[in-house]
Amino acid sequence: DGLSSRISLVGRTITPLAINGYRYYKSDGSIASKENIKNTEIKINVRFAFKEKFINGDFRRVSLGTKWPVVQVNYSKSLPDAFRGEYDYQKVVFKLSDRIRLVSLLGYTDYTAEIGQIYGAVPYPLMELHGGNETYVYDELSYNMMKYYEFASDKYAAVGFFHHFEGLLFNKIPLIKKLKWREVVTCKALWGTVNDRNRRTMIFPSSLHALGNEPYVEMSAGIENIFKIFRVDALWRTTYKRAGFFDNFGVKFGFQLAF
């Protein structure tokens with residue numbers, strides 16, 4: 001009960017838009033270019049959520065969650081020379097998520113943890129391109145102060161903490177209490193590396209980087225349950241700071257239903 005799995009076959013042709021082609025080093029040290037990347041891989045996902053409850057519809061079902069941690073393992077294997085695939089590698093990703101409520105008065109904490117590694121030589125478009133977000137809409141699954149395609153890794157670890165106070169402070173302010181606003185704070189951290197072999201497989205564009213010795217960290221403080229559907233967050237980028245103030249600080253809006 002709670003164990004599910006999925007297997008898929010994925011074929012992709014990746015073509016750059018802003019540049020003429022992907023540049024790489026030839027065996028003699030000279031630089032060549034290719035118009036696109038072709039890749040085929042088979043993916044296996046195994047997910048275990050003990051005693052998870054669902055609402056079933058005619059074509060889909062919606063999860064109501066579980067009181068236990070949710071564990072996922074993703075395994076990918078490329079198929080070189082199959083369906084025009086060009087690369088030979090394996091990728092393993094382990095994910096863990098859960099909700100902790102130690103004292104109901106203090107609210108609850110959602111957390112996520114993820115580690116992954118790629119075995120074999122791959123170009124940067126097939127590495128883990130950590131999800132940035134340059135829009136004004138808050139995205140819980142992305143790094144909201146990270147630029148698009150700013151960091152890539154072939155081995156990485158990430159954690160995220162999201163604490164919902166459920167009105168611990170606002171409920172003590174008479175006028176604010178009637179609005180039923182709720183406080184929320186978050187913290188995300190990311191560690192990653194790129195080995196020398198993958199650095200030479202394809203030349204990184206100037207805007208893309210590998211993480212160094214310190215992790216990428218961003219934090220936020222926000223208000224949720226605004227009119228039951230809105231959320232506003234102030235975000236700070238605390239490491240790998242950029243030159244502009246608004247590259248390290250931002251305000252984003254979100255939509256979420258609160259019951």
# chains A, B, ... in the order shown; residues from 1 in each chain; ligands from 1
>>> residues_around(residues="Pro215 (chain A)", least_positions_apart="5", cutoff="7 Å", atoms="only C-alpha atoms", output="CSV table (one decimal) with N, CA and C atoms, in the first residue's frame")
chain,number,residue,atom,x,y,z
A,189,ALA,N,18.7,25.5,0.4
A,189,ALA,CA,20.2,25.4,0.3
A,189,ALA,C,20.5,24.4,-0.8
A,190,LEU,N,21.5,24.6,-1.6
A,190,LEU,CA,21.9,23.7,-2.7
A,190,LEU,C,23.4,23.6,-2.7
A,191,TRP,N,23.9,22.4,-2.7
A,191,TRP,CA,25.3,22.1,-3.0
A,191,TRP,C,25.5,21.3,-4.3
>>> residues_around(residues="Ala82 (chain A)", least_positions_apart="6", cutoff="9 Å", atoms="only C-alpha atoms", output="list in words")
Asn39, Thr40 and Glu41 of chain A
>>> write_last_selection(atoms="C-alpha atoms", output="compact mmCIF listing (two decimals), in the first residue's frame")
# COMPACT_ATOMS: atom_id res chain seq x y z
CA ASN A 39 19.32 12.06 -26.42
CA THR A 40 17.23 9.00 -25.62
CA GLU A 41 16.80 7.59 -22.14
>>> residues_around(residues="Gln90 (chain A)", least_positions_apart="6", cutoff="9 Å", atoms="only C-alpha atoms", output="PDB file with N, CA and C atoms, in the first residue's frame")
ATOM      1  N   TYR A  75      15.612   6.668 -11.452  1.00  0.00           N
ATOM      2  CA  TYR A  75      16.794   6.139 -12.142  1.00  0.00           C
ATOM      3  C   TYR A  75      16.613   6.352 -13.639  1.00  0.00           C
ATOM      4  N   SER A  76      17.643   6.906 -14.269  1.00  0.00           N
ATOM      5  CA  SER A  76      17.621   7.145 -15.718  1.00  0.00           C
ATOM      6  C   SER A  76      18.845   6.500 -16.349  1.00  0.00           C
ATOM      7  N   LYS A  77      18.640   5.862 -17.499  1.00  0.00           N
ATOM      8  CA  LYS A  77      19.737   5.257 -18.272  1.00  0.00           C
ATOM      9  C   LYS A  77      19.596   5.682 -19.721  1.00  0.00           C
ATOM     10  N   SER A  78      20.627   6.336 -20.235  1.00  0.00           N
ATOM     11  CA  SER A  78      20.599   6.737 -21.636  1.00  0.00           C
ATOM     12  C   SER A  78      20.765   5.519 -22.532  1.00  0.00           C
ATOM     13  N   GLN A 117      23.127  12.177  -8.660  1.00  0.00           N
ATOM     14  CA  GLN A 117      24.436  12.091  -9.287  1.00  0.00           C
ATOM     15  C   GLN A 117      24.298  11.482 -10.673  1.00  0.00           C
ATOM     16  N   ILE A 118      25.124  11.984 -11.582  1.00  0.00           N
ATOM     17  CA  ILE A 118      25.189  11.468 -12.948  1.00  0.00           C
ATOM     18  C   ILE A 118      26.494  10.705 -13.117  1.00  0.00           C
ATOM     19  N   TYR A 119      26.408   9.504 -13.644  1.00  0.00           N
ATOM     20  CA  TYR A 119      27.586   8.668 -13.891  1.00  0.00           C
ATOM     21  C   TYR A 119      27.783   8.576 -15.401  1.00  0.00           C
ATOM     22  N   GLY A 120      28.901   9.086 -15.870  1.00  0.00           N
ATOM     23  CA  GLY A 120      29.168   9.121 -17.295  1.00  0.00           C
ATOM     24  C   GLY A 120      29.357  10.554 -17.758  1.00  0.00           C
TER      25      GLY A 120
END
>>> closest_residue(among="A:Glu86, A:Asp81, A:Asp1, A:Asp233", to="Asn36 (chain A)", atoms="only C-alpha atoms")
A:Glu86
>>> residues_around(residues="region 237-254 of chain A", least_positions_apart="2", cutoff="6 Å", atoms="only C-alpha atoms", output="JSON, numbers by chain")
{"A": [136, 137, 138, 216, 217, 218, 230, 231, 232, 233, 234, 235]}
>>> select_by_dssp(residues="region 81-148 of chain A", states="strand (DSSP E or B)", output="ChimeraX atom specification")
/A:90-100,108-119,128-129,132,137,143
>>> write_last_selection(atoms="N, CA, C and O atoms", output="mmCIF file, in the first residue's frame")
data_model
loop_
_atom_site.group_PDB
_atom_site.id
_atom_site.type_symbol
_atom_site.label_atom_id
_atom_site.label_comp_id
_atom_site.auth_asym_id
_atom_site.auth_seq_id
_atom_site.Cartn_x
_atom_site.Cartn_y
_atom_site.Cartn_z
ATOM 1 N N GLN A 90 24.263 7.296 -16.700
ATOM 2 C CA GLN A 90 23.211 6.909 -15.768
ATOM 3 C C GLN A 90 23.014 8.039 -14.772
ATOM 4 O O GLN A 90 23.958 8.749 -14.434
ATOM 5 N N LYS A 91 21.788 8.191 -14.306
ATOM 6 C CA LYS A 91 21.478 9.235 -13.324
ATOM 7 C C LYS A 91 20.596 8.644 -12.233
ATOM 8 O O LYS A 91 19.594 7.981 -12.528
ATOM 9 N N VAL A 92 20.963 8.906 -10.986
ATOM 10 C CA VAL A 92 20.207 8.419 -9.837
ATOM 11 C C VAL A 92 19.845 9.606 -8.962
ATOM 12 O O VAL A 92 20.709 10.436 -8.637
ATOM 13 N N VAL A 93 18.573 9.708 -8.579
ATOM 14 C CA VAL A 93 18.093 10.792 -7.731
ATOM 15 C C VAL A 93 17.249 10.199 -6.608
ATOM 16 O O VAL A 93 16.377 9.359 -6.862
ATOM 17 N N PHE A 94 17.517 10.645 -5.385
ATOM 18 C CA PHE A 94 16.746 10.213 -4.211
ATOM 19 C C PHE A 94 16.077 11.443 -3.604
ATOM 20 O O PHE A 94 16.734 12.461 -3.373
ATOM 21 N N LYS A 95 14.760 11.355 -3.335
ATOM 22 C CA LYS A 95 14.011 12.481 -2.793
ATOM 23 C C LYS A 95 13.260 12.052 -1.537
ATOM 24 O O LYS A 95 12.739 10.939 -1.462
ATOM 25 N N LEU A 96 13.185 12.976 -0.582
ATOM 26 C CA LEU A 96 12.464 12.735 0.664
ATOM 27 C C LEU A 96 11.710 14.002 1.029
ATOM 28 O O LEU A 96 12.253 15.110 0.948
ATOM 29 N N SER A 97 10.448 13.858 1.426
ATOM 30 C CA SER A 97 9.653 15.009 1.860
ATOM 31 C C SER A 97 8.739 14.585 2.993
ATOM 32 O O SER A 97 8.324 13.426 3.084
ATOM 33 N N ASP A 98 8.419 15.540 3.873
ATOM 34 C CA ASP A 98 7.592 15.210 5.030
ATOM 35 C C ASP A 98 7.091 16.501 5.661
ATOM 36 O O ASP A 98 7.572 17.599 5.344
ATOM 37 N N ARG A 99 6.120 16.360 6.542
ATOM 38 C CA ARG A 99 5.594 17.477 7.329
ATOM 39 C C ARG A 99 5.776 17.154 8.802
ATOM 40 O O ARG A 99 5.422 16.060 9.253
ATOM 41 N N ILE A 100 6.321 18.123 9.555
ATOM 42 C CA ILE A 100 6.582 17.941 10.981
ATOM 43 C C ILE A 100 5.717 18.927 11.769
ATOM 44 O O ILE A 100 5.711 20.125 11.483
ATOM 45 N N TYR A 108 3.563 24.293 11.671
ATOM 46 C CA TYR A 108 4.145 23.064 11.142
ATOM 47 C C TYR A 108 5.234 23.392 10.130
ATOM 48 O O TYR A 108 5.285 24.498 9.579
ATOM 49 N N THR A 109 6.101 22.428 9.903
ATOM 50 C CA THR A 109 7.222 22.591 8.978
ATOM 51 C C THR A 109 7.168 21.525 7.897
ATOM 52 O O THR A 109 7.090 20.329 8.200
ATOM 53 N N ASP A 110 7.185 21.938 6.657
ATOM 54 C CA ASP A 110 7.383 21.029 5.528
ATOM 55 C C ASP A 110 8.862 21.060 5.155
ATOM 56 O O ASP A 110 9.481 22.133 5.149
ATOM 57 N N TYR A 111 9.413 19.913 4.842
ATOM 58 C CA TYR A 111 10.801 19.901 4.401
ATOM 59 C C TYR A 111 10.955 18.961 3.210
ATOM 60 O O TYR A 111 10.189 18.018 3.032
ATOM 61 N N THR A 112 11.962 19.242 2.406
ATOM 62 C CA THR A 112 12.317 18.393 1.278
ATOM 63 C C THR A 112 13.822 18.199 1.281
ATOM 64 O O THR A 112 14.569 19.091 1.691
ATOM 65 N N ALA A 113 14.264 17.047 0.848
ATOM 66 C CA ALA A 113 15.692 16.757 0.710
ATOM 67 C C ALA A 113 15.885 15.956 -0.572
ATOM 68 O O ALA A 113 15.066 15.085 -0.893
ATOM 69 N N GLU A 114 16.946 16.255 -1.289
ATOM 70 C CA GLU A 114 17.179 15.589 -2.573
ATOM 71 C C GLU A 114 18.671 15.474 -2.819
ATOM 72 O O GLU A 114 19.423 16.420 -2.580
ATOM 73 N N ILE A 115 19.107 14.310 -3.258
ATOM 74 C CA ILE A 115 20.485 14.116 -3.697
ATOM 75 C C ILE A 115 20.466 13.416 -5.048
ATOM 76 O O ILE A 115 19.574 12.606 -5.326
ATOM 77 N N GLY A 116 21.418 13.745 -5.891
ATOM 78 C CA GLY A 116 21.464 13.139 -7.208
ATOM 79 C C GLY A 116 22.872 13.122 -7.759
ATOM 80 O O GLY A 116 23.716 13.952 -7.377
ATOM 81 N N GLN A 117 23.127 12.177 -8.660
ATOM 82 C CA GLN A 117 24.436 12.091 -9.287
ATOM 83 C C GLN A 117 24.298 11.482 -10.673
ATOM 84 O O GLN A 117 23.479 10.578 -10.906
ATOM 85 N N ILE A 118 25.124 11.984 -11.582
ATOM 86 C CA ILE A 118 25.189 11.468 -12.948
ATOM 87 C C ILE A 118 26.494 10.705 -13.117
ATOM 88 O O ILE A 118 27.566 11.221 -12.763
ATOM 89 N N TYR A 119 26.408 9.504 -13.644
ATOM 90 C CA TYR A 119 27.586 8.668 -13.891
ATOM 91 C C TYR A 119 27.783 8.576 -15.401
ATOM 92 O O TYR A 119 26.927 8.055 -16.118
ATOM 93 N N GLU A 128 22.034 18.409 -14.275
ATOM 94 C CA GLU A 128 20.955 18.967 -13.462
ATOM 95 C C GLU A 128 21.055 20.485 -13.552
ATOM 96 O O GLU A 128 21.936 21.103 -12.962
ATOM 97 N N LEU A 129 20.166 21.083 -14.328
ATOM 98 C CA LEU A 129 20.110 22.536 -14.451
ATOM 99 C C LEU A 129 19.126 23.031 -13.392
ATOM 100 O O LEU A 129 17.917 22.899 -13.537
ATOM 101 N N GLY A 132 15.749 28.046 -11.809
ATOM 102 C CA GLY A 132 15.621 29.423 -11.374
ATOM 103 C C GLY A 132 14.236 29.960 -11.676
ATOM 104 O O GLY A 132 13.409 29.305 -12.315
ATOM 105 N N VAL A 137 6.074 35.660 -9.948
ATOM 106 C CA VAL A 137 5.206 34.678 -9.297
ATOM 107 C C VAL A 137 6.060 33.718 -8.480
ATOM 108 O O VAL A 137 7.017 33.123 -9.002
ATOM 109 N N TYR A 143 14.185 27.887 -7.265
ATOM 110 C CA TYR A 143 14.968 28.843 -6.482
ATOM 111 C C TYR A 143 14.587 30.226 -6.996
ATOM 112 O O TYR A 143 14.964 30.622 -8.104
#
>>> closest_residue(among="A:Val73, A:Leu64, A:Met219, A:Met202", to="Val46 (chain A)", atoms="only C-alpha atoms")
A:Val73
>>> residues_around(residues="Ile37 (chain A)", least_positions_apart="6", cutoff="7 Å", atoms="only C-alpha atoms", output="JSON, numbers by chain")
{"A": [13, 14, 15]}
>>> write_last_selection(atoms="N, CA and C atoms", output="PDB file, in the first residue's frame")
ATOM      1  N   THR A  13      15.407  16.218 -28.737  1.00  0.00           N
ATOM      2  CA  THR A  13      16.360  16.954 -29.552  1.00  0.00           C
ATOM      3  C   THR A  13      16.402  18.365 -29.005  1.00  0.00           C
ATOM      4  N   ILE A  14      17.551  18.781 -28.481  1.00  0.00           N
ATOM      5  CA  ILE A  14      17.690  20.073 -27.805  1.00  0.00           C
ATOM      6  C   ILE A  14      18.451  21.014 -28.732  1.00  0.00           C
ATOM      7  N   THR A  15      17.821  22.134 -29.061  1.00  0.00           N
ATOM      8  CA  THR A  15      18.412  23.097 -29.987  1.00  0.00           C
ATOM      9  C   THR A  15      18.527  24.448 -29.299  1.00  0.00           C
TER      10      THR A  15
END
>>> atom_distance(atom1="CA of Tyr89 (chain A)", atom2="CA of Val159 (chain A)")
25.1 Å
>>> residues_around(residues="Glu224 (chain A)", least_positions_apart="3", cutoff="12 Å", atoms="only C-alpha atoms", output="MDAnalysis selection string")
chainID A and resid 138 163:167 170 179:185 221 227:234 252:259
>>> select_by_dssp(residues="region 81-196 of chain A", states="helix (DSSP H, G or I)", output="ChimeraX atom specification")
/A:104-106,124-126,170-172,174-179,196
>>> write_last_selection(atoms="C-alpha atoms", output="tab-separated table (two decimals), in the first residue's frame")
chain	number	residue	atom	x	y	z
A	104	SER	CA	0.40	22.69	17.26
A	105	LEU	CA	0.75	26.19	18.73
A	106	LEU	CA	3.96	26.78	16.74
A	124	TYR	CA	25.66	20.71	-19.67
A	125	PRO	CA	22.10	20.62	-21.17
A	126	LEU	CA	21.77	17.06	-19.81
A	170	PHE	CA	-0.74	37.89	13.66
A	171	ASN	CA	-3.44	36.39	15.88
A	172	LYS	CA	-2.17	38.58	18.73
A	174	PRO	CA	-6.44	42.81	16.99
A	175	LEU	CA	-6.95	44.32	13.54
A	176	ILE	CA	-4.70	41.85	11.73
A	177	LYS	CA	-6.36	38.93	13.52
A	178	LYS	CA	-9.64	39.57	11.68
A	179	LEU	CA	-7.87	39.24	8.33
A	196	ASP	CA	36.53	17.86	-14.98
>>> closest_residue(among="A:Leu102, A:Val62, A:Ala121, A:Met127", to="Asp154 (chain A)", atoms="only C-alpha atoms")
A:Met127
